[in-house]
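Engineer: File name coords20.cif; file contents mmCIF, C-alpha atoms; full text below.
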data_my_file
#
loop_
_atom_site.label_atom_id
_atom_site.label_comp_id
_atom_site.auth_asym_id
_atom_site.auth_seq_id
_atom_site.Cartn_x
_atom_site.Cartn_y
_atom_site.Cartn_z
CA MET A 1 53.48 60.62 298.22
CA ASN A 2 53.05 63.09 295.40
CA ASN A 3 50.57 65.94 295.45
CA PRO A 4 47.58 65.24 293.18
CA GLY A 5 48.08 66.64 289.70
CA SER A 6 51.74 67.54 290.31
CA PRO A 7 54.83 66.31 288.40
CA THR A 8 57.20 64.09 290.41
CA VAL A 9 59.97 63.07 288.00
CA THR A 10 62.06 64.44 285.16
CA ILE A 11 62.94 62.97 281.78
CA ASN A 12 66.30 61.95 283.23
CA ASP A 13 64.53 59.74 285.80
CA LEU A 14 62.81 57.76 283.02
CA ILE A 15 65.86 57.15 280.82
CA PRO A 16 66.86 53.93 282.69
CA LYS A 17 63.36 52.51 282.03
CA VAL A 18 63.78 53.21 278.31
CA GLN A 19 67.21 51.56 278.27
CA ALA A 20 65.84 48.53 280.13
CA ALA A 21 63.03 48.12 277.55
CA LEU A 22 65.76 48.09 274.89
CA GLN A 23 67.71 45.42 276.81
CA ASN A 24 70.48 47.91 277.62
CA ASN A 25 71.38 48.29 273.96
CA PRO A 26 74.64 50.28 273.91
CA ASN A 27 73.21 52.64 271.27
CA ALA A 28 70.56 53.86 273.72
CA ASN A 29 72.60 56.51 275.54
CA GLU A 30 72.79 60.25 275.98
CA LYS A 31 76.24 60.56 274.38
CA GLN A 32 75.00 60.13 270.82
CA THR A 33 76.25 62.91 268.51
CA ASN A 34 72.82 63.27 266.95
CA PRO A 35 70.55 64.50 269.77
CA GLU A 36 67.54 62.85 268.11
CA MET A 37 69.19 59.45 268.73
CA ARG A 38 69.14 59.93 272.50
CA PRO A 39 66.56 58.42 274.90
CA SER A 40 65.69 61.92 276.14
CA ALA A 41 64.51 62.86 272.63
CA TRP A 42 62.43 59.69 272.35
CA LEU A 43 60.81 60.49 275.70
CA ARG A 44 60.13 64.07 274.60
CA ASP A 45 58.39 62.95 271.41
CA SER A 46 56.37 60.30 273.27
CA LEU A 47 55.24 62.84 275.86
CA ARG A 48 54.19 65.21 273.10
CA GLU A 49 52.09 62.54 271.43
CA ILE A 50 50.46 61.12 274.55
CA THR A 51 49.62 64.43 276.21
CA ALA A 52 48.19 65.87 272.99
CA ASN A 53 45.63 63.07 272.83
CA TYR A 54 44.73 62.20 276.42
CA PRO A 55 43.55 64.33 279.39
CA PHE A 56 45.97 64.71 282.32
CA GLU A 57 45.30 66.67 285.50
CA GLU A 58 48.96 67.76 285.62
CA LEU A 59 48.41 69.89 282.50
CA LYS A 60 44.91 71.27 283.07
CA THR A 61 44.26 74.91 283.87
CA VAL A 62 41.73 77.71 283.34
CA GLY A 63 42.25 80.80 281.21
CA PRO A 64 41.47 84.41 282.12
CA LEU A 65 38.00 85.91 282.21
CA VAL A 66 37.52 87.57 278.80
CA THR A 67 34.90 90.11 277.77
CA ILE A 68 33.35 89.53 274.35
CA GLY A 69 30.90 91.89 272.75
CA PRO A 70 30.29 94.41 269.95
CA GLY A 71 33.58 95.51 268.41
CA LEU A 72 35.76 93.67 270.93
CA GLY A 73 36.88 90.88 268.62
CA TYR A 74 39.55 90.52 265.95
CA GLN A 75 39.88 93.81 264.02
CA GLY A 76 36.64 95.06 265.55
CA SER A 77 34.64 91.91 264.87
CA ASN A 78 31.66 90.99 267.01
CA TYR A 79 32.00 87.21 266.64
CA ALA A 80 35.70 86.39 265.89
CA TYR A 81 38.25 86.37 268.73
CA PRO A 82 41.88 85.16 268.87
CA VAL A 83 42.22 81.93 270.85
CA SER A 84 45.22 83.55 272.57
CA MET A 85 42.82 85.89 274.42
CA PHE A 86 41.38 82.91 276.31
CA VAL A 87 44.65 81.27 277.44
CA ASN A 88 47.23 82.42 279.94
CA PRO A 89 50.40 84.16 278.65
CA GLY A 90 52.94 81.71 277.25
CA ASP A 91 50.50 78.78 277.04
CA ASP A 92 49.70 76.65 274.02
CA VAL A 93 46.61 74.42 273.96
CA THR A 94 46.05 70.77 273.10
CA LEU A 95 42.64 69.85 274.56
CA THR A 96 39.89 72.27 275.54
CA GLU A 97 36.61 72.04 277.35
CA ASP A 98 33.68 74.10 276.08
CA PRO A 99 34.00 77.84 276.82
CA VAL A 100 31.81 79.03 279.68
CA ILE A 101 29.67 82.17 279.38
CA PHE A 102 28.14 84.12 282.27
CA LEU A 103 24.58 85.40 281.93
CA ASN A 104 22.47 87.35 284.41
CA PRO A 105 18.77 86.53 284.93
CA GLN A 106 17.64 89.34 282.61
CA GLN A 107 19.86 88.05 279.79
CA LEU A 108 18.58 84.54 280.33
CA ALA A 109 14.98 85.70 280.12
CA GLN A 110 15.72 87.46 276.81
CA THR A 111 16.87 84.15 275.31
CA GLY A 112 13.64 82.42 276.29
CA THR A 113 15.41 80.30 278.90
CA ALA A 114 13.35 79.57 282.00
CA VAL A 115 14.80 81.34 285.04
CA VAL A 116 13.87 79.40 288.17
CA ASN A 117 15.22 80.02 291.66
CA VAL A 118 18.22 82.02 290.46
CA THR A 119 19.61 83.60 293.59
CA SER A 120 22.99 84.81 292.28
CA ASN A 121 23.67 87.69 289.91
CA THR A 122 24.97 85.47 287.12
CA VAL A 123 24.66 81.91 285.90
CA ALA A 124 27.42 80.09 283.99
CA TYR A 125 26.59 78.07 280.89
CA ALA A 126 28.92 75.94 278.80
CA MET A 127 28.72 76.71 275.10
CA ASP A 128 28.07 73.99 272.51
CA PHE A 129 30.44 73.30 269.60
CA LEU A 130 29.25 73.54 266.00
CA THR A 131 31.14 72.97 262.78
CA ILE A 132 32.10 76.03 260.76
CA LYS A 133 29.35 75.26 258.24
CA ALA A 134 26.69 74.90 260.91
CA ILE A 135 27.55 78.10 262.76
CA GLN A 136 27.71 80.35 259.68
CA PRO A 137 23.99 81.33 259.77
CA LEU A 138 24.42 82.50 263.38
CA LEU A 139 27.51 84.67 262.95
CA PHE A 140 25.74 87.67 261.46
CA ILE A 141 22.60 87.60 263.59
CA GLN A 142 23.10 90.75 265.61
CA GLY A 143 22.10 91.20 269.22
CA GLY A 144 22.06 87.52 270.11
CA VAL A 145 23.49 85.48 272.97
CA PRO A 146 26.49 83.35 271.89
CA PHE A 147 25.57 79.88 273.12
CA LYS A 148 27.47 78.26 270.21
CA TYR A 149 31.10 78.37 269.15
CA THR A 150 33.60 76.90 266.73
CA ARG A 151 37.31 77.19 266.04
CA ASN A 152 38.81 78.43 262.79
CA GLY A 153 42.61 78.48 262.77
CA THR A 154 43.79 80.89 265.45
CA GLN A 155 40.28 82.17 266.22
CA PHE A 156 37.15 81.25 268.11
CA TRP A 157 33.89 82.18 266.40
CA PHE A 158 30.85 82.78 268.62
CA GLY A 159 27.21 82.71 267.49
CA SER A 160 24.86 84.38 267.62
CA SER A 161 26.94 87.51 267.28
CA PRO A 162 26.91 89.07 270.78
CA GLY A 163 24.85 92.23 270.99
CA ARG A 164 26.23 93.21 274.39
CA ASN A 165 29.22 92.37 276.56
CA TYR A 166 29.53 88.92 278.10
CA ASN A 167 32.22 87.34 280.27
CA VAL A 168 33.71 84.08 279.01
CA TYR A 169 36.44 81.74 280.25
CA LEU A 170 38.02 78.60 278.81
CA PRO A 171 39.14 75.47 280.73
CA TYR A 172 41.93 73.81 278.75
CA GLN A 173 44.96 71.51 278.76
CA ILE A 174 48.41 72.99 278.20
CA ARG A 175 50.76 71.56 275.60
CA HIS A 176 53.60 69.74 277.38
CA GLN A 177 56.64 72.00 277.66
CA PHE A 178 60.33 71.08 277.85
CA VAL A 179 63.58 72.68 278.94
CA ASP A 180 65.22 72.99 275.52
CA THR A 181 68.63 73.91 276.91
CA ASP A 182 68.70 70.86 279.20
CA LEU A 183 66.13 68.35 277.97
CA LYS A 184 66.89 65.76 280.66
CA SER A 185 65.88 68.19 283.42
CA SER A 186 62.37 68.70 281.98
CA PRO A 187 59.56 67.76 284.41
CA VAL A 188 57.27 64.96 283.27
CA PHE A 189 53.64 66.09 283.56
CA LEU A 190 52.09 62.63 283.87
CA PRO A 191 50.76 60.61 286.82
CA PRO A 192 53.04 57.77 288.03
CA ASP A 193 50.87 55.02 286.50
CA TRP A 194 51.74 56.39 283.03
CA PHE A 195 55.53 56.31 283.48
CA ASP A 196 55.91 52.79 282.08
CA VAL A 197 53.63 53.63 279.15
CA VAL A 198 55.66 56.66 278.08
CA SER A 199 58.92 54.76 278.66
CA PHE A 200 57.86 51.86 276.43
CA ALA A 201 56.60 54.33 273.83
CA ALA A 202 60.02 56.01 273.87
CA ALA A 203 61.73 52.62 273.63
CA GLU A 204 59.64 51.80 270.55
CA ARG A 205 60.85 55.02 268.95
CA GLY A 206 64.41 54.11 269.88
CA ALA A 207 64.10 50.67 268.33
CA VAL A 208 62.83 52.20 265.09
CA ALA A 209 65.66 54.78 265.07
CA ASN A 210 68.19 51.97 265.46
CA ARG A 211 66.52 49.80 262.81
CA TRP A 212 65.68 47.15 265.41
CA ASN A 213 62.35 46.40 263.77
CA GLU A 214 61.65 43.14 265.57
CA GLN A 215 62.05 44.80 268.98
CA ALA A 216 59.92 47.76 267.88
CA SER A 217 57.04 45.44 266.96
CA TYR A 218 57.44 43.49 270.19
CA ILE A 219 57.42 46.65 272.33
CA HIS A 220 54.36 47.94 270.50
CA ASN A 221 52.48 44.73 271.33
CA VAL A 222 53.56 45.03 274.98
CA LEU A 223 52.41 48.65 275.06
CA TYR A 224 48.89 47.56 274.13
CA GLY A 225 48.94 44.41 276.22
CA ASP A 226 45.41 44.50 277.65
CA PRO A 227 43.18 42.39 275.33
CA ALA A 228 40.04 43.91 276.85
CA SER A 229 41.06 47.38 275.67
CA GLN A 230 40.76 46.15 272.09
CA MET A 231 37.22 44.86 272.58
CA LYS A 232 35.26 47.08 274.97
CA ASP A 233 34.14 50.68 274.99
CA GLY A 234 35.59 53.28 277.32
CA THR A 235 39.19 52.11 277.11
CA LEU A 236 39.11 51.12 273.44
CA SER A 237 42.67 50.81 272.06
CA ARG A 238 44.10 52.63 275.06
CA PRO A 239 47.69 51.73 276.06
CA GLY A 240 48.39 49.65 279.15
CA LEU A 241 50.76 46.75 279.72
CA ILE A 242 48.40 44.68 281.90
CA ALA A 243 45.31 46.85 282.23
CA ALA A 244 44.30 49.69 279.94
CA ARG A 245 45.07 53.00 281.62
CA VAL A 246 42.19 54.89 283.24
CA PHE A 247 42.13 58.68 283.51
CA GLN A 248 41.66 60.51 286.79
CA ILE A 249 38.35 61.99 285.66
CA GLU A 250 37.05 58.45 285.08
CA ARG A 251 38.10 57.40 288.58
CA ASP A 252 36.46 60.46 290.09
CA ARG A 253 33.08 59.79 288.52
CA ARG A 254 32.98 55.99 288.78
CA LEU A 255 30.47 55.96 291.68
CA SER A 256 28.32 58.84 290.46
CA THR A 257 25.09 58.57 288.53
CA VAL A 258 25.23 59.58 284.88
CA GLN A 259 22.57 61.63 283.13
CA LEU A 260 22.02 61.03 279.42
CA THR A 261 20.31 63.63 277.28
CA CYS A 262 19.18 62.75 273.77
CA PHE A 263 19.35 65.48 271.14
CA ALA A 264 19.98 66.02 267.45
CA GLN A 265 22.27 68.71 266.12
CA ARG A 266 23.08 70.02 262.66
CA TYR A 267 26.37 68.65 261.38
#
Is it possible to express this structure as structure tokens?
Structural biologist:
Amino acid sequence: MNNPGSPTVTINDLIPKVQAALQNNPNANEKQTNPEMRPSAWLRDSLREITANYPFEELKTVGPLVTIGPGLGYQGSNYAYPVSMFVNPGDDVTLTEDPVIFLNPQQLAQTGTAVVNVTSNTVAYAMDFLTIKAIQPLLFIQGGVPFKYTRNGTQFWFGSSPGRNYNVYLPYQIRHQFVDTDLKSSPVFLPPDWFDVVSFAAAERGAVANRWNEQASYIHNVLYGDPASQMKDGTLSRPGLIAARVFQIERDRRLSTVQLTCFAQRY
């Protein structure tokens, strides 16, 4: 049994699955002179693509608690802050949740938010994302509470421009890392039910690299083998050989009630 959210295999463990999907083609081996023609490279590229687009518990973490406020941002800005401030040292980010800001009851009251039965010193609120165009009018309103945010290149922009110090943290998903000096030893940060998906995806890359176009098309059809995933919401166009893959967060909430809130937002 593996611990939840923990890697259990390396790239080397998945190479035989890639070779099997390519019918043990002799060109699919780790002795190729060009390292990009090796199954380990195909697995690396497939892992990069899959983990950049889908949420996986093995890659999720939370960044440090950051203080934002007057003059604390980029080059003394009130509203612009490097994204690197909100992630742990050495991390790169693929998927993020909304940043979370802590407010005390007095700050909440200043925003016009109803404060009912607040027994702790602070309350955490997730910020809402706006496009760059939509947030522009808020960036230079001084003394506000930054309930909104956007991303511009290497920076987060918060609006309204904070008039006092606030604590903020960011839940996010790390970009999949590899051992560049020994690619085969790299841990695979995926749950076991995704091993065949990433192996077939790597095999498809291998078939293309070896100009085996017929096999590449066949493997692609196998990789999206669940007809229902092409027709229904929730798992729309999601890979899965027999059944479209389901994420852990979807399993966790499957028996819980869901609250829907209707709202309209600029842009």
Engineer: What do you get, as a PDB file with C-alpha atoms, in the coordinates of the input, if you spell out every residue that the PyMOL selection byres ((chain A and resi 40) around 12) selects here?
Structural biologist:
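Here's the written file expr.pdb:
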ATOM      1  CA  THR A  10      62.060  64.440 285.160  1.00  0.00           C
ATOM      2  CA  ILE A  11      62.940  62.970 281.780  1.00  0.00           C
ATOM      3  CA  ASN A  12      66.300  61.950 283.230  1.00  0.00           C
ATOM      4  CA  ASP A  13      64.530  59.740 285.800  1.00  0.00           C
ATOM      5  CA  LEU A  14      62.810  57.760 283.020  1.00  0.00           C
ATOM      6  CA  ILE A  15      65.860  57.150 280.820  1.00  0.00           C
ATOM      7  CA  PRO A  16      66.860  53.930 282.690  1.00  0.00           C
ATOM      8  CA  LYS A  17      63.360  52.510 282.030  1.00  0.00           C
ATOM      9  CA  VAL A  18      63.780  53.210 278.310  1.00  0.00           C
ATOM     10  CA  GLN A  19      67.210  51.560 278.270  1.00  0.00           C
ATOM     11  CA  ALA A  28      70.560  53.860 273.720  1.00  0.00           C
ATOM     12  CA  ASN A  29      72.600  56.510 275.540  1.00  0.00           C
ATOM     13  CA  GLU A  30      72.790  60.250 275.980  1.00  0.00           C
ATOM     14  CA  LYS A  31      76.240  60.560 274.380  1.00  0.00           C
ATOM     15  CA  GLN A  32      75.000  60.130 270.820  1.00  0.00           C
ATOM     16  CA  ASN A  34      72.820  63.270 266.950  1.00  0.00           C
ATOM     17  CA  PRO A  35      70.550  64.500 269.770  1.00  0.00           C
ATOM     18  CA  GLU A  36      67.540  62.850 268.110  1.00  0.00           C
ATOM     19  CA  MET A  37      69.190  59.450 268.730  1.00  0.00           C
ATOM     20  CA  ARG A  38      69.140  59.930 272.500  1.00  0.00           C
ATOM     21  CA  PRO A  39      66.560  58.420 274.900  1.00  0.00           C
ATOM     22  CA  ALA A  41      64.510  62.860 272.630  1.00  0.00           C
ATOM     23  CA  TRP A  42      62.430  59.690 272.350  1.00  0.00           C
ATOM     24  CA  LEU A  43      60.810  60.490 275.700  1.00  0.00           C
ATOM     25  CA  ARG A  44      60.130  64.070 274.600  1.00  0.00           C
ATOM     26  CA  ASP A  45      58.390  62.950 271.410  1.00  0.00           C
ATOM     27  CA  SER A  46      56.370  60.300 273.270  1.00  0.00           C
ATOM     28  CA  LEU A  47      55.240  62.840 275.860  1.00  0.00           C
ATOM     29  CA  PHE A 178      60.330  71.080 277.850  1.00  0.00           C
ATOM     30  CA  VAL A 179      63.580  72.680 278.940  1.00  0.00           C
ATOM     31  CA  ASP A 180      65.220  72.990 275.520  1.00  0.00           C
ATOM     32  CA  ASP A 182      68.700  70.860 279.200  1.00  0.00           C
ATOM     33  CA  LEU A 183      66.130  68.350 277.970  1.00  0.00           C
ATOM     34  CA  LYS A 184      66.890  65.760 280.660  1.00  0.00           C
ATOM     35  CA  SER A 185      65.880  68.190 283.420  1.00  0.00           C
ATOM     36  CA  SER A 186      62.370  68.700 281.980  1.00  0.00           C
ATOM     37  CA  PRO A 187      59.560  67.760 284.410  1.00  0.00           C
ATOM     38  CA  VAL A 188      57.270  64.960 283.270  1.00  0.00           C
ATOM     39  CA  VAL A 198      55.660  56.660 278.080  1.00  0.00           C
ATOM     40  CA  SER A 199      58.920  54.760 278.660  1.00  0.00           C
ATOM     41  CA  ALA A 202      60.020  56.010 273.870  1.00  0.00           C
ATOM     42  CA  ALA A 203      61.730  52.620 273.630  1.00  0.00           C
ATOM     43  CA  ARG A 205      60.850  55.020 268.950  1.00  0.00           C
ATOM     44  CA  GLY A 206      64.410  54.110 269.880  1.00  0.00           C
TER      45      GLY A 206
END
Engineer: Find the residues near Leu241 (chain A): any atom within 8 Å, counting only C-alpha atoms, skip ones fewer than 5 places away on the same chain, and give them as a VMD selection string.
Structural biologist: chain A and resid 197 222 to 226
Engineer: Take the residues from that selection and put them in a file with C-alpha atoms, as an mmCIF file, in the coordinates of the input.
Structural biologist:
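Ended up saving to out.cif:
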data_model
loop_
_atom_site.group_PDB
_atom_site.id
_atom_site.type_symbol
_atom_site.label_atom_id
_atom_site.label_comp_id
_atom_site.auth_asym_id
_atom_site.auth_seq_id
_atom_site.Cartn_x
_atom_site.Cartn_y
_atom_site.Cartn_z
ATOM 1 C CA VAL A 197 53.630 53.630 279.150
ATOM 2 C CA VAL A 222 53.560 45.030 274.980
ATOM 3 C CA LEU A 223 52.410 48.650 275.060
ATOM 4 C CA TYR A 224 48.890 47.560 274.130
ATOM 5 C CA GLY A 225 48.940 44.410 276.220
ATOM 6 C CA ASP A 226 45.410 44.500 277.650
#
Engineer: What does the PyMOL selection byres ((chain A and resi 156) around 9) select in this file, as a list in words?
Structural biologist: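 Matching residues under the PyMOL selection byres ((chain A and resi 156) around 9) are Tyr79, Ala80, Tyr81, Pro82, Val83, Tyr149, Thr150, Arg151, Asn152, Gly153, Thr154, Gln155, Trp157 and Phe158 of chain A.
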Engineer: Residues as selected, C-alpha atoms, written as a JSON list (two decimals), in the coordinates of the input, can you do that?
Structural biologist:
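The file below, part.json, is the result:
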[["chain", "number", "residue", "atom", "x", "y", "z"],
["A", 79, "TYR", "CA", 32.00, 87.21, 266.64],
["A", 80, "ALA", "CA", 35.70, 86.39, 265.89],
["A", 81, "TYR", "CA", 38.25, 86.37, 268.73],
["A", 82, "PRO", "CA", 41.88, 85.16, 268.87],
["A", 83, "VAL", "CA", 42.22, 81.93, 270.85],
["A", 149, "TYR", "CA", 31.10, 78.37, 269.15],
["A", 150, "THR", "CA", 33.60, 76.90, 266.73],
["A", 151, "ARG", "CA", 37.31, 77.19, 266.04],
["A", 152, "ASN", "CA", 38.81, 78.43, 262.79],
["A", 153, "GLY", "CA", 42.61, 78.48, 262.77],
["A", 154, "THR", "CA", 43.79, 80.89, 265.45],
["A", 155, "GLN", "CA", 40.28, 82.17, 266.22],
["A", 157, "TRP", "CA", 33.89, 82.18, 266.40],
["A", 158, "PHE", "CA", 30.85, 82.78, 268.62]]
Engineer: Kindly indicate which residue among A:Pro89, A:Pro227, A:Pro191, A:Gly240 lies nearest to Val9 (chain A), using only C-alpha atoms for the distances.
Structural biologist: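 Going through A:Pro89, A:Pro227, A:Pro191, A:Gly240 one by one, the smallest distance to Val9 (chain A) is for A:Pro191.
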Engineer: Quick one: everything within 12 Å of Asp193 (chain A), counting only C-alpha atoms, minus sequence neighbours fewer than 2 positions away in the same chain. Send it as a list of chain:residue names.
Structural biologist: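 These residues fall inside the cut-off: A:Thr8, A:Phe56, A:Phe189, A:Leu190, A:Pro191, A:Phe195, A:Asp196, A:Val197, A:Val198, A:Ser199, A:Pro239, A:Gly240, A:Leu241, A:Ile242, A:Ala243, A:Ala244, A:Arg245, A:Val246, A:Phe247, A:Gln248.
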Engineer: Rounded to one decimal, what separation in Å do you get between CA of Ala228 (chain A) and CA of Gln173 (chain A)?
Structural biologist: 28.1 Å
Engineer: Using all atoms listed in the file, which residues sit within 10 Å of Thr96 (chain A) once same-chain residues fewer than 2 positions away are excluded, as a PDB file with C-alpha atoms, in the coordinates of the input?
Structural biologist:
ATOM      1  CA  PRO A  55      43.550  64.330 279.390  1.00  0.00           C
ATOM      2  CA  LYS A  60      44.910  71.270 283.070  1.00  0.00           C
ATOM      3  CA  THR A  61      44.260  74.910 283.870  1.00  0.00           C
ATOM      4  CA  VAL A  62      41.730  77.710 283.340  1.00  0.00           C
ATOM      5  CA  VAL A  93      46.610  74.420 273.960  1.00  0.00           C
ATOM      6  CA  THR A  94      46.050  70.770 273.100  1.00  0.00           C
ATOM      7  CA  ASP A  98      33.680  74.100 276.080  1.00  0.00           C
ATOM      8  CA  PRO A  99      34.000  77.840 276.820  1.00  0.00           C
ATOM      9  CA  LEU A 170      38.020  78.600 278.810  1.00  0.00           C
ATOM     10  CA  PRO A 171      39.140  75.470 280.730  1.00  0.00           C
ATOM     11  CA  TYR A 172      41.930  73.810 278.750  1.00  0.00           C
ATOM     12  CA  GLN A 173      44.960  71.510 278.760  1.00  0.00           C
ATOM     13  CA  ILE A 174      48.410  72.990 278.200  1.00  0.00           C
TER      14      ILE A 174
END
Engineer: Please measure the separation of CA of Leu103 (chain A) and CA of Arg253 (chain A), giving the value in Å to one decimal.
Structural biologist: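 Atom-to-atom, CA of Leu103 (chain A) to CA of Arg253 (chain A), that is 27.8 Å.
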Engineer: I'd like the box whose edges run along x, y and z of the file and which contains every listed atom of region 152-168 of chain A, padded by 5 Å per side; could you state its centre and edge lengths in Å, one decimal, as lines of an AutoDock Vina configuration file?
Structural biologist:
center_x = 34.3
center_y = 85.8
center_z = 271.5
size_x = 28.9
size_y = 24.8
size_z = 27.5
Engineer: To one decimal place, how far is CA of Gln215 (chain A) from CA of Pro26 (chain A) in Å?
Structural biologist: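 A separation of 14.6 Å between them.
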Engineer: Nearest residue to Gly63 (chain A) out of A:Thr122, A:Tyr169, A:Gly159, A:Thr131, using only C-alpha atoms?
Structural biologist: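 Counting only C-alpha atoms, the residue closest to Gly63 (chain A) is A:Tyr169.
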Engineer: With all atoms listed in the file as the basis for distance, which of A:Arg211, A:Arg238, A:Arg251, A:Arg164 is at the shortest distance from Gly71 (chain A)?
Structural biologist: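 Selected residue with least distance to Gly71 (chain A): A:Arg164.
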Engineer: Please write as a ChimeraX atom specification the full residue list that the PyMOL selection byres ((chain A and resi 145) around 10) yields on this file.
Structural biologist: /A:69,101,103,107-108,110-111,141-144,146-148,158-166
